[in-house]
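> I have a structure I would like to understand better, so I am pasting it below and will then ask my questions one at a time.
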Amino acid sequence: MADAKKYRWTELEVDRPMELLDRRRIIGDRMMISQVCLHRGCDVPMHAHENEQFAMVMSGRVRFGLGGAGGAAVREVVLTAGEVLHLPSRVPHSAYAEEETIVLDVFSPPSEKTGIDRT
């Protein structure tokens with residue numbers, strides 16, 4: 001129990017890896033959780049990463065593009081509050097915020113960089 005730690009989202013540093021996207025993260029040894037605010041019109045380009053990801057929509061409405069070979073979208077999935085999208089490792093995906101949306105992303109394994117971070 002000595003290693004247990006309490007966090008408060010409002011006290012964590014906000015980073016902005018791209019336009020119209022605010023993010024707070026807690027990075028552990030074997031997983032990572034991110035609170036992401038996608039402002040209306042935020043357009044996350046198609047990307048993929050080694051991390052397995054669960055995207056839990058807390059509020060708002062977001063449209064995910066799920067890609068195929070070469071990054072072309074082959075289908076779209078719209079999520080609203082209370083819905084979760086599971087993205088296995090290396091699945092190409094994009095996101096478009098149809099309205100201001102709060103998403104909790106859980107990643108395993110954790111990493112400092114994800115597909116939306118500029119190199």
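Ligands are numbered from 1 in the order shown, residues from 1 within each chain, and chains are lettered A, B, ... in the order they appear in the structure tokens.
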List as a PyMOL selection string the protein and nucleic acid residues near Gln35 (chain A), meaning an atom at most 7 Å away when only C-alpha atoms are counted, but skip any in the same chain fewer than 6 places from it.

chain A and resi 23-25+103-105

> Skipping near chain neighbours, those fewer than 2 positions away, what residues fall within 12 Å of Asp3 (chain A) using only C-alpha atoms, listed as a PDB file with C-alpha atoms, in the first residue's frame?


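Output file part.pdb is given in full below:
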```
ATOM      1  CA  MET A   1       0.000   0.000   0.000  1.00  0.00           C
ATOM      2  CA  LYS A   5      -1.063   7.262  -4.950  1.00  0.00           C
ATOM      3  CA  LYS A   6      -4.153   9.454  -5.317  1.00  0.00           C
ATOM      4  CA  GLY A  28       2.081   3.769 -14.444  1.00  0.00           C
ATOM      5  CA  ASP A  29       4.464   0.849 -14.825  1.00  0.00           C
TER       6      ASP A  29
END
```

> Return the single residue from A:His39, A:His86, A:Arg63, A:Arg75 that is closest to Ser108 (chain A), with distances computed using only C-alpha atoms.

A:His86

> Suppose you want the space between CA of Glu83 (chain A) and CA of Arg40 (chain A); what is it in Å?

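We find that CA of Glu83 (chain A) and CA of Arg40 (chain A) lie 18.4 Å from each other.
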
> Need to verify the contact set: Leu79 (chain A), 12 Å, only C-alpha atoms, exclusion of same-chain residues closer than 6 positions in sequence. Can you return it as a list in words?

Ala55, Met56, Val57, Met58, Ser59, Gly60, Arg61, Val62, Arg63, Phe64, Gly65, Leu85, His86, Ala95, Tyr96, Ala97, Glu98, Glu99, Thr101, Ile102 and Val103 of chain A

> Would you save the residues from that selection as a tab-separated table (two decimals), in the first residue's frame, using N, CA and C atoms?


```tsv
chain	number	residue	atom	x	y	z
A	55	ALA	N	-11.09	3.29	-25.40
A	55	ALA	CA	-11.53	4.68	-25.43
A	55	ALA	C	-12.95	4.73	-24.86
A	56	MET	N	-13.08	5.34	-23.67
A	56	MET	CA	-14.36	5.41	-22.98
A	56	MET	C	-14.90	6.84	-23.08
A	57	VAL	N	-16.02	7.02	-23.74
A	57	VAL	CA	-16.59	8.36	-23.91
A	57	VAL	C	-17.41	8.71	-22.66
A	58	MET	N	-16.99	9.76	-21.99
A	58	MET	CA	-17.66	10.21	-20.77
A	58	MET	C	-18.77	11.21	-21.09
A	59	SER	N	-18.55	12.05	-22.10
A	59	SER	CA	-19.56	13.01	-22.55
A	59	SER	C	-19.25	13.39	-23.98
A	60	GLY	N	-20.27	13.83	-24.70
A	60	GLY	CA	-20.08	14.28	-26.07
A	60	GLY	C	-20.33	13.20	-27.10
A	61	ARG	N	-19.79	13.44	-28.29
A	61	ARG	CA	-20.02	12.55	-29.44
A	61	ARG	C	-18.78	12.59	-30.33
A	62	VAL	N	-18.22	11.42	-30.61
A	62	VAL	CA	-17.02	11.33	-31.42
A	62	VAL	C	-17.18	10.22	-32.47
A	63	ARG	N	-16.70	10.50	-33.66
A	63	ARG	CA	-16.76	9.54	-34.77
A	63	ARG	C	-15.36	8.98	-35.01
A	64	PHE	N	-15.22	7.68	-34.83
A	64	PHE	CA	-13.95	7.01	-35.10
A	64	PHE	C	-13.95	6.42	-36.49
A	65	GLY	N	-12.87	6.60	-37.21
A	65	GLY	CA	-12.64	5.90	-38.46
A	65	GLY	C	-11.72	4.73	-38.14
A	85	LEU	N	-14.86	1.92	-26.95
A	85	LEU	CA	-14.29	1.30	-28.15
A	85	LEU	C	-12.98	0.63	-27.76
A	86	HIS	N	-12.85	-0.64	-28.09
A	86	HIS	CA	-11.60	-1.37	-27.86
A	86	HIS	C	-10.80	-1.36	-29.14
A	95	ALA	N	-10.18	9.99	-35.32
A	95	ALA	CA	-11.32	10.44	-34.52
A	95	ALA	C	-11.69	11.86	-34.92
A	96	TYR	N	-13.00	12.12	-34.92
A	96	TYR	CA	-13.50	13.46	-35.21
A	96	TYR	C	-14.56	13.81	-34.17
A	97	ALA	N	-14.36	14.91	-33.45
A	97	ALA	CA	-15.30	15.33	-32.41
A	97	ALA	C	-16.45	16.09	-33.03
A	98	GLU	N	-17.63	15.48	-33.04
A	98	GLU	CA	-18.82	16.14	-33.57
A	98	GLU	C	-19.35	17.20	-32.61
A	99	GLU	N	-18.96	17.10	-31.36
A	99	GLU	CA	-19.23	18.11	-30.34
A	99	GLU	C	-18.14	17.97	-29.29
A	101	THR	N	-16.09	16.69	-26.53
A	101	THR	CA	-16.15	15.31	-26.04
A	101	THR	C	-15.03	15.06	-25.03
A	102	ILE	N	-15.38	14.38	-23.95
A	102	ILE	CA	-14.40	13.94	-22.96
A	102	ILE	C	-14.26	12.43	-23.09
A	103	VAL	N	-13.02	11.99	-23.28
A	103	VAL	CA	-12.72	10.57	-23.43
A	103	VAL	C	-11.69	10.17	-22.38
```

> Residues at most 10 Å from Met18 (chain A), counting only C-alpha atoms, excluding those fewer than 6 positions away in the same chain, as JSON, numbers by chain?

{"A": [42, 43, 44, 116, 117, 118]}

> One decimal, in Å: what's the spacing between CA of Met31 (chain A) and CA of Gln53 (chain A)?

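Rounded to one decimal, the two atoms are 9.9 Å apart.
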
> Which residue is closest to Arg16 (chain A)? Choose from A:Leu38, A:Val91, A:Ala48, A:Ala81 and count only C-alpha atoms.

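Checking each of A:Leu38, A:Val91, A:Ala48, A:Ala81 against Arg16 (chain A), counting only C-alpha atoms, the winner is A:Leu38.
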
> For the structure I just gave you, how does DSSP split chain A - specifically, which residues are strand (DSSP E)? Reply as a ChimeraX atom specification.

/A:15-18,21-27,32-38,43-47,52-59,61-67,73-80,84-87,93-97,101-108

> Write to file, as a PDB file, in the first residue's frame, the residues of the selection just made, with C-alpha atoms.


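Generated file (result-v4.pdb):
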```
ATOM      1  CA  ASP A  15      -0.594  19.086 -22.594  1.00  0.00           C
ATOM      2  CA  ARG A  16      -1.791  19.852 -26.109  1.00  0.00           C
ATOM      3  CA  PRO A  17      -0.234  17.450 -28.604  1.00  0.00           C
ATOM      4  CA  MET A  18      -2.407  18.847 -31.410  1.00  0.00           C
ATOM      5  CA  LEU A  21      -7.103  18.581 -28.051  1.00  0.00           C
ATOM      6  CA  ASP A  22      -6.289  18.915 -24.338  1.00  0.00           C
ATOM      7  CA  ARG A  23      -4.890  15.920 -22.434  1.00  0.00           C
ATOM      8  CA  ARG A  24      -3.993  14.957 -18.872  1.00  0.00           C
ATOM      9  CA  ARG A  25      -2.201  11.644 -18.229  1.00  0.00           C
ATOM     10  CA  ILE A  26      -1.280   9.297 -15.434  1.00  0.00           C
ATOM     11  CA  ILE A  27       1.485   6.916 -16.478  1.00  0.00           C
ATOM     12  CA  MET A  32      -1.585   4.557 -18.714  1.00  0.00           C
ATOM     13  CA  ILE A  33      -4.839   6.500 -18.477  1.00  0.00           C
ATOM     14  CA  SER A  34      -5.476   9.775 -20.285  1.00  0.00           C
ATOM     15  CA  GLN A  35      -8.329  12.236 -19.848  1.00  0.00           C
ATOM     16  CA  VAL A  36      -8.741  13.798 -23.271  1.00  0.00           C
ATOM     17  CA  CYS A  37     -10.907  16.781 -24.191  1.00  0.00           C
ATOM     18  CA  LEU A  38     -11.618  16.831 -27.908  1.00  0.00           C
ATOM     19  CA  ASP A  43      -9.802  15.949 -36.236  1.00  0.00           C
ATOM     20  CA  VAL A  44      -7.299  13.318 -35.096  1.00  0.00           C
ATOM     21  CA  PRO A  45      -5.632  11.887 -38.216  1.00  0.00           C
ATOM     22  CA  MET A  46      -5.410   8.169 -38.967  1.00  0.00           C
ATOM     23  CA  HIS A  47      -2.664   6.583 -36.876  1.00  0.00           C
ATOM     24  CA  GLU A  52      -3.770  -1.680 -26.859  1.00  0.00           C
ATOM     25  CA  GLN A  53      -6.382   1.018 -26.149  1.00  0.00           C
ATOM     26  CA  PHE A  54      -9.823   1.361 -24.605  1.00  0.00           C
ATOM     27  CA  ALA A  55     -11.531   4.683 -25.433  1.00  0.00           C
ATOM     28  CA  MET A  56     -14.364   5.414 -22.981  1.00  0.00           C
ATOM     29  CA  VAL A  57     -16.593   8.357 -23.907  1.00  0.00           C
ATOM     30  CA  MET A  58     -17.660  10.213 -20.771  1.00  0.00           C
ATOM     31  CA  SER A  59     -19.561  13.010 -22.546  1.00  0.00           C
ATOM     32  CA  ARG A  61     -20.024  12.551 -29.443  1.00  0.00           C
ATOM     33  CA  VAL A  62     -17.016  11.327 -31.423  1.00  0.00           C
ATOM     34  CA  ARG A  63     -16.763   9.539 -34.766  1.00  0.00           C
ATOM     35  CA  PHE A  64     -13.948   7.011 -35.096  1.00  0.00           C
ATOM     36  CA  GLY A  65     -12.637   5.896 -38.459  1.00  0.00           C
ATOM     37  CA  LEU A  66     -11.271   2.383 -38.371  1.00  0.00           C
ATOM     38  CA  GLY A  67      -8.688   1.834 -41.049  1.00  0.00           C
ATOM     39  CA  ALA A  73     -10.876   4.180 -43.460  1.00  0.00           C
ATOM     40  CA  VAL A  74     -13.003   1.124 -44.058  1.00  0.00           C
ATOM     41  CA  ARG A  75     -15.736   1.855 -41.526  1.00  0.00           C
ATOM     42  CA  GLU A  76     -16.885   4.458 -39.025  1.00  0.00           C
ATOM     43  CA  VAL A  77     -18.160   4.025 -35.476  1.00  0.00           C
ATOM     44  CA  VAL A  78     -19.910   6.826 -33.557  1.00  0.00           C
ATOM     45  CA  LEU A  79     -19.608   6.781 -29.774  1.00  0.00           C
ATOM     46  CA  THR A  80     -21.547   8.799 -27.217  1.00  0.00           C
ATOM     47  CA  VAL A  84     -16.369   2.164 -25.076  1.00  0.00           C
ATOM     48  CA  LEU A  85     -14.294   1.303 -28.147  1.00  0.00           C
ATOM     49  CA  HIS A  86     -11.596  -1.368 -27.857  1.00  0.00           C
ATOM     50  CA  LEU A  87      -8.663  -0.821 -30.217  1.00  0.00           C
ATOM     51  CA  HIS A  93      -7.864   4.668 -36.332  1.00  0.00           C
ATOM     52  CA  SER A  94      -8.853   8.326 -36.512  1.00  0.00           C
ATOM     53  CA  ALA A  95     -11.321  10.442 -34.515  1.00  0.00           C
ATOM     54  CA  TYR A  96     -13.503  13.458 -35.214  1.00  0.00           C
ATOM     55  CA  ALA A  97     -15.297  15.331 -32.408  1.00  0.00           C
ATOM     56  CA  THR A 101     -16.147  15.313 -26.039  1.00  0.00           C
ATOM     57  CA  ILE A 102     -14.400  13.943 -22.958  1.00  0.00           C
ATOM     58  CA  VAL A 103     -12.718  10.568 -23.429  1.00  0.00           C
ATOM     59  CA  LEU A 104     -10.849   8.409 -20.931  1.00  0.00           C
ATOM     60  CA  ASP A 105      -8.213   6.441 -22.833  1.00  0.00           C
ATOM     61  CA  VAL A 106      -6.561   3.447 -21.194  1.00  0.00           C
ATOM     62  CA  PHE A 107      -3.350   2.234 -22.849  1.00  0.00           C
ATOM     63  CA  SER A 108      -1.205  -0.812 -22.241  1.00  0.00           C
TER      64      SER A 108
END
```

> Interatomic distance between CA of Glu19 (chain A) and CA of Glu100 (chain A)?

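If I compute the distance from CA of Glu19 (chain A) to CA of Glu100 (chain A), I get 13.3 Å.
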